[in-house]
Amino acid sequence: MNDLHVVFGTGAIGLALVHELNTMSLRVRAVNRSGRADVPEGVEIVAADASDAETAAKAATGAGVVYQCLSPPYHQWARLFPPIQDAAVHAARAAHARYVSFENTYMYGDTHGVLITEETPLRAQTRKGKVRVVMAEQLRDLAEKGDLDVVTARASDYFGPRGTAQSPLGDLVIGAALAGKPARLIAGPDQPHSYSFTGDVARCLAAIGTREDVAGEIFHVPNALARTTREVIAMISEDLGRTVKISVTPRLLLRAIGLFNPTIAELDEMRYEFTQPFLVDSTKAETRLGLSATPLDDAVSQTISWFRHRSSAK
């Protein structure tokens with residue numbers, strides 16, 4: 001592989017990956033619309049519309065690995081997400097680079113509490129899950145035909161530094177707790193749930209981007225032992241030194257808010273993840289890649305520290 005690693009997207013995952021690759025002393029180029037981001041010294045930052053194939057290909061010139069970490073607004077997935085993947089795939093093929101796809105677990109659908117592995121069938125019934133199925137099957141077909149060197153990492157619901165509005169433990173939970181407000185949830189807090197820490201996501205993406213023996217494979221990001229959201233909020237309370245109350249938004253109210261807020265409207269179809277056990281197995285990444293999840297209490301503490309720093313910097 002060429003030694004240039006091109007990361008499309010500078011959100012919570014993209015930036016975590018940029019920092020991880022930089023600590024590995026690799027050449028890194030980050031791509032976003034503005035050409036501005038909080039990247040380490042020595043990391044190149046390029047402005048580009050990654051939904052345009054030729055523009056994306058130009059931004060990825062010279063890449064040995066292309067990482068797709070972009071995600072459009074929640075309510076525009078069906079319209080915007082497939083073209084973004086198409087452009088990133090084109091960029092990787094034009095550069096003769098490996099394509100590393102960052103994904104979530106929506107494509108599996110509701111498994112009714114059954115453990116989700118990399119072999120779980122793709123049976124999504126939600127709008128966003130169906131988009132994920134189409135995109136995943138496209139990459140699988142390209143890999144099977146030998147048209148693309150592709151490796152995939154799938155994370156459960158993630159949290160961590162920079163995980164703000166898009167994280168279920170972000171602004172509405174840790175951000176709210178730091179402001180002295182109750183943690184706000186879209187469903188009850190008492191079902192075990194696999195959460196992925198952004199630092200672990202980055203390490204998994206970097207691992208599959210730099211290993212030769214994983215082409216065509218799918219890995220679940222290493223997750224700490226599933227805990228209930230109530231237990232996670234208890235960890236937040238312990239770190240803050242005070243009790244954080246819990247506020248569950250009634251479903252009817254969630255739907256009412258969604259009439260005016262399209263992003264909130266998209267949360268309703270994902271409630272199944274929090275009304276029953278949602279368990280994502282990561283044994284493959286642990287055994288094949290030698291990775292382990294950050295202990296959950298450590299991950300919570302690191303996330304709180306980042307939120308505190310953000311608040312003090314305002």
# chains A, B, ... in the order shown; residues from 1 in each chain; ligands from 1

call {"tool": "select_by_dssp", "arguments": {"residues": "stretch 26-102 of chain A", "states": "alpha helix (DSSP H)", "output": "PyMOL selection string"}}
result
chain A and resi 53-59+77-95

call {"tool": "write_last_selection", "arguments": {"atoms": "C-alpha atoms", "output": "mmCIF file, in the first residue's frame"}}
result
data_model
loop_
_atom_site.group_PDB
_atom_site.id
_atom_site.type_symbol
_atom_site.label_atom_id
_atom_site.label_comp_id
_atom_site.auth_asym_id
_atom_site.auth_seq_id
_atom_site.Cartn_x
_atom_site.Cartn_y
_atom_site.Cartn_z
ATOM 1 C CA ALA A 53 -17.006 11.529 -7.522
ATOM 2 C CA GLU A 54 -14.342 13.479 -9.384
ATOM 3 C CA THR A 55 -13.838 15.956 -6.555
ATOM 4 C CA ALA A 56 -13.515 13.084 -4.088
ATOM 5 C CA ALA A 57 -11.037 11.316 -6.370
ATOM 6 C CA LYS A 58 -8.890 14.452 -6.570
ATOM 7 C CA ALA A 59 -8.929 14.764 -2.770
ATOM 8 C CA TRP A 77 -29.826 9.363 4.615
ATOM 9 C CA ALA A 78 -31.879 7.865 1.780
ATOM 10 C CA ARG A 79 -31.086 10.763 -0.553
ATOM 11 C CA LEU A 80 -27.510 11.637 0.381
ATOM 12 C CA PHE A 81 -25.770 8.589 1.844
ATOM 13 C CA PRO A 82 -25.552 6.297 -1.231
ATOM 14 C CA PRO A 83 -24.031 9.056 -3.437
ATOM 15 C CA ILE A 84 -21.433 9.746 -0.734
ATOM 16 C CA GLN A 85 -20.435 6.089 -0.703
ATOM 17 C CA ASP A 86 -20.397 5.973 -4.517
ATOM 18 C CA ALA A 87 -18.023 8.947 -4.633
ATOM 19 C CA ALA A 88 -15.732 7.563 -1.944
ATOM 20 C CA VAL A 89 -15.609 4.179 -3.677
ATOM 21 C CA HIS A 90 -14.734 5.919 -6.941
ATOM 22 C CA ALA A 91 -11.972 7.823 -5.145
ATOM 23 C CA ALA A 92 -10.498 4.622 -3.703
ATOM 24 C CA ARG A 93 -10.613 2.831 -7.044
ATOM 25 C CA ALA A 94 -9.038 5.772 -8.861
ATOM 26 C CA ALA A 95 -6.164 5.758 -6.360
#

call {"tool": "select_by_dssp", "arguments": {"residues": "stretch 37-149 of chain A", "states": "strand (DSSP E or B)", "output": "PDB file with N, CA and C atoms, in the first residue's frame"}}
result
ATOM      1  N   GLU A  44      -2.513  16.875   6.882  1.00  0.00           N
ATOM      2  CA  GLU A  44      -3.008  17.711   5.790  1.00  0.00           C
ATOM      3  C   GLU A  44      -4.533  17.771   5.858  1.00  0.00           C
ATOM      4  N   ILE A  45      -5.104  18.931   5.607  1.00  0.00           N
ATOM      5  CA  ILE A  45      -6.551  19.083   5.593  1.00  0.00           C
ATOM      6  C   ILE A  45      -6.966  19.674   4.257  1.00  0.00           C
ATOM      7  N   VAL A  46      -7.928  19.051   3.588  1.00  0.00           N
ATOM      8  CA  VAL A  46      -8.330  19.421   2.240  1.00  0.00           C
ATOM      9  C   VAL A  46      -9.833  19.677   2.206  1.00  0.00           C
ATOM     10  N   ALA A  47     -10.239  20.742   1.526  1.00  0.00           N
ATOM     11  CA  ALA A  47     -11.660  21.030   1.337  1.00  0.00           C
ATOM     12  C   ALA A  47     -12.155  20.355   0.064  1.00  0.00           C
ATOM     13  N   VAL A  65      -4.851   4.145   1.411  1.00  0.00           N
ATOM     14  CA  VAL A  65      -6.074   3.729   2.099  1.00  0.00           C
ATOM     15  C   VAL A  65      -7.033   4.917   2.131  1.00  0.00           C
ATOM     16  N   VAL A  66      -8.294   4.664   1.817  1.00  0.00           N
ATOM     17  CA  VAL A  66      -9.352   5.665   1.920  1.00  0.00           C
ATOM     18  C   VAL A  66     -10.331   5.198   2.983  1.00  0.00           C
ATOM     19  N   TYR A  67     -10.599   6.066   3.957  1.00  0.00           N
ATOM     20  CA  TYR A  67     -11.533   5.745   5.040  1.00  0.00           C
ATOM     21  C   TYR A  67     -12.801   6.570   4.850  1.00  0.00           C
ATOM     22  N   GLN A  68     -13.952   5.932   4.806  1.00  0.00           N
ATOM     23  CA  GLN A  68     -15.224   6.623   4.630  1.00  0.00           C
ATOM     24  C   GLN A  68     -15.880   6.782   5.999  1.00  0.00           C
ATOM     25  N   ARG A  98      -6.997   0.819  -0.744  1.00  0.00           N
ATOM     26  CA  ARG A  98      -7.949   0.068   0.085  1.00  0.00           C
ATOM     27  C   ARG A  98      -9.072   1.003   0.510  1.00  0.00           C
ATOM     28  N   TYR A  99     -10.281   0.481   0.578  1.00  0.00           N
ATOM     29  CA  TYR A  99     -11.443   1.248   1.031  1.00  0.00           C
ATOM     30  C   TYR A  99     -11.871   0.701   2.389  1.00  0.00           C
ATOM     31  N   VAL A 100     -11.824   1.546   3.422  1.00  0.00           N
ATOM     32  CA  VAL A 100     -12.251   1.155   4.757  1.00  0.00           C
ATOM     33  C   VAL A 100     -13.566   1.847   5.059  1.00  0.00           C
ATOM     34  N   SER A 101     -14.585   1.062   5.304  1.00  0.00           N
ATOM     35  CA  SER A 101     -15.930   1.594   5.514  1.00  0.00           C
ATOM     36  C   SER A 101     -16.286   1.580   6.999  1.00  0.00           C
ATOM     37  N   PHE A 102     -16.617   2.758   7.516  1.00  0.00           N
ATOM     38  CA  PHE A 102     -17.131   2.828   8.886  1.00  0.00           C
ATOM     39  C   PHE A 102     -18.652   2.780   8.826  1.00  0.00           C
ATOM     40  N   GLU A 103     -19.240   1.827   9.546  1.00  0.00           N
ATOM     41  CA  GLU A 103     -20.682   1.635   9.512  1.00  0.00           C
ATOM     42  C   GLU A 103     -21.217   1.446  10.930  1.00  0.00           C
ATOM     43  N   ILE A 116     -25.839  -9.993  18.250  1.00  0.00           N
ATOM     44  CA  ILE A 116     -25.531  -9.636  16.864  1.00  0.00           C
ATOM     45  C   ILE A 116     -24.064  -9.940  16.591  1.00  0.00           C
TER      46      ILE A 116
END

call {"tool": "closest_residue", "arguments": {"among": "A:Thr198, A:Thr117, A:Thr23, A:Thr10", "to": "A:Cys69", "atoms": "only C-alpha atoms"}}
result
A:Thr10

call {"tool": "residues_around", "arguments": {"residues": "stretch 238-252 of chain A", "least_positions_apart": "2", "cutoff": "9 Å", "atoms": "only C-alpha atoms", "output": "list in words"}}
result
Val173, Ala177, Leu178, Gly180, Lys181, Pro182, Ala183, Arg184, Leu185, Ile186, Ala187, Gly188, Pro189, Arg230, Ile233, Ala234, Met235, Ile236, Leu254, Arg255, Ala256, Ile257, Asp268, Asp297, Val300, Ser301 and Ile304 of chain A

call {"tool": "write_last_selection", "arguments": {"atoms": "C-alpha atoms", "output": "PDB file, in the first residue's frame"}}
result
ATOM      1  CA  VAL A 173     -26.935  12.710  28.631  1.00  0.00           C
ATOM      2  CA  ALA A 177     -25.604  16.148  33.330  1.00  0.00           C
ATOM      3  CA  LEU A 178     -22.743  18.648  33.299  1.00  0.00           C
ATOM      4  CA  GLY A 180     -27.098  20.096  36.114  1.00  0.00           C
ATOM      5  CA  LYS A 181     -30.028  18.740  34.107  1.00  0.00           C
ATOM      6  CA  PRO A 182     -31.505  15.223  33.941  1.00  0.00           C
ATOM      7  CA  ALA A 183     -30.140  12.794  31.377  1.00  0.00           C
ATOM      8  CA  ARG A 184     -32.668  12.595  28.546  1.00  0.00           C
ATOM      9  CA  LEU A 185     -33.439   9.220  26.964  1.00  0.00           C
ATOM     10  CA  ILE A 186     -35.771   8.101  24.172  1.00  0.00           C
ATOM     11  CA  ALA A 187     -36.681   4.851  25.954  1.00  0.00           C
ATOM     12  CA  GLY A 188     -36.303   3.155  29.320  1.00  0.00           C
ATOM     13  CA  PRO A 189     -32.823   2.830  30.857  1.00  0.00           C
ATOM     14  CA  ARG A 230     -28.964   3.304  34.001  1.00  0.00           C
ATOM     15  CA  ILE A 233     -25.521   7.030  34.043  1.00  0.00           C
ATOM     16  CA  ALA A 234     -24.497   5.788  37.499  1.00  0.00           C
ATOM     17  CA  MET A 235     -20.882   5.884  36.258  1.00  0.00           C
ATOM     18  CA  ILE A 236     -21.461   9.461  35.117  1.00  0.00           C
ATOM     19  CA  LEU A 254     -41.065  12.261  20.839  1.00  0.00           C
ATOM     20  CA  ARG A 255     -43.325  11.972  17.811  1.00  0.00           C
ATOM     21  CA  ALA A 256     -44.858  15.381  18.457  1.00  0.00           C
ATOM     22  CA  ILE A 257     -41.414  16.998  18.636  1.00  0.00           C
ATOM     23  CA  ASP A 268     -38.548   6.910  16.798  1.00  0.00           C
ATOM     24  CA  ASP A 297     -15.847   3.526  33.334  1.00  0.00           C
ATOM     25  CA  VAL A 300     -17.100   7.504  30.415  1.00  0.00           C
ATOM     26  CA  SER A 301     -14.469   9.459  32.356  1.00  0.00           C
ATOM     27  CA  ILE A 304     -16.780  13.700  30.546  1.00  0.00           C
TER      28      ILE A 304
END

call {"tool": "residues_around", "arguments": {"residues": "A:Val133", "least_positions_apart": "3", "cutoff": "12 Å", "atoms": "only C-alpha atoms", "output": "MDAnalysis selection string"}}
result
chainID A and resid 78 81:82 103:109 121:130 136:140

call {"tool": "write_last_selection", "arguments": {"atoms": "C-alpha atoms", "output": "short mmCIF file (atom, residue, chain, number, x, y, z; two decimals), in the first residue's frame"}}
result
data_model
loop_
_atom_site.label_atom_id
_atom_site.label_comp_id
_atom_site.auth_asym_id
_atom_site.auth_seq_id
_atom_site.Cartn_x
_atom_site.Cartn_y
_atom_site.Cartn_z
CA ALA A 78 -31.88 7.86 1.78
CA PHE A 81 -25.77 8.59 1.84
CA PRO A 82 -25.55 6.30 -1.23
CA GLU A 103 -20.68 1.64 9.51
CA ASN A 104 -23.17 1.14 12.32
CA THR A 105 -25.40 -1.87 13.04
CA TYR A 106 -28.71 -0.61 11.62
CA MET A 107 -28.57 -3.06 8.70
CA TYR A 108 -29.17 -6.04 11.02
CA GLY A 109 -32.57 -4.76 12.07
CA PRO A 121 -28.47 -11.67 8.44
CA LEU A 122 -29.22 -8.17 7.18
CA ARG A 123 -32.95 -7.86 7.88
CA ALA A 124 -33.52 -4.18 8.58
CA GLN A 125 -37.08 -2.89 8.48
CA THR A 126 -36.38 0.74 9.32
CA ARG A 127 -35.79 3.42 6.68
CA LYS A 128 -32.21 4.06 7.78
CA GLY A 129 -31.51 0.36 8.21
CA LYS A 130 -32.62 -0.35 4.64
CA ALA A 136 -23.38 -2.87 2.63
CA GLU A 137 -24.48 -5.14 -0.20
CA GLN A 138 -22.88 -2.82 -2.75
CA LEU A 139 -19.52 -3.11 -0.98
CA ARG A 140 -19.89 -6.87 -0.60
#

call {"tool": "residues_around", "arguments": {"residues": "stretch 280-283 of chain A", "least_positions_apart": "3", "cutoff": "10 Å", "atoms": "only C-alpha atoms", "output": "count of residues only"}}
result
32

call {"tool": "residues_around", "arguments": {"residues": "A:His75", "least_positions_apart": "3", "cutoff": "8 Å", "atoms": "only C-alpha atoms", "output": "PyMOL selection string"}}
result
chain A and resi 78+262-263+265-266

call {"tool": "write_last_selection", "arguments": {"atoms": "N, CA and C atoms", "output": "mmCIF file, in the first residue's frame"}}
result
data_model
loop_
_atom_site.group_PDB
_atom_site.id
_atom_site.type_symbol
_atom_site.label_atom_id
_atom_site.label_comp_id
_atom_site.auth_asym_id
_atom_site.auth_seq_id
_atom_site.Cartn_x
_atom_site.Cartn_y
_atom_site.Cartn_z
ATOM 1 N N ALA A 78 -31.463 8.549 3.005
ATOM 2 C CA ALA A 78 -31.879 7.865 1.780
ATOM 3 C C ALA A 78 -31.431 8.620 0.534
ATOM 4 N N PRO A 262 -36.880 17.324 12.151
ATOM 5 C CA PRO A 262 -36.724 16.087 11.370
ATOM 6 C C PRO A 262 -35.697 15.121 11.936
ATOM 7 N N THR A 263 -34.680 15.638 12.617
ATOM 8 C CA THR A 263 -33.686 14.747 13.217
ATOM 9 C C THR A 263 -34.297 13.948 14.355
ATOM 10 N N ALA A 265 -37.400 13.268 14.663
ATOM 11 C CA ALA A 265 -38.381 12.363 14.060
ATOM 12 C C ALA A 265 -37.752 11.026 13.691
ATOM 13 N N GLU A 266 -36.469 11.040 13.325
ATOM 14 C CA GLU A 266 -35.800 9.820 12.906
ATOM 15 C C GLU A 266 -35.435 8.902 14.070
#

call {"tool": "atom_distance", "arguments": {"atom1": "atom CA of A:Arg308", "atom2": "atom CA of A:Gly170"}}
result
12.2 Å

call {"tool": "atom_distance", "arguments": {"atom1": "atom CA of A:Gly35", "atom2": "atom CA of A:Ala50"}}
result
11.8 Å
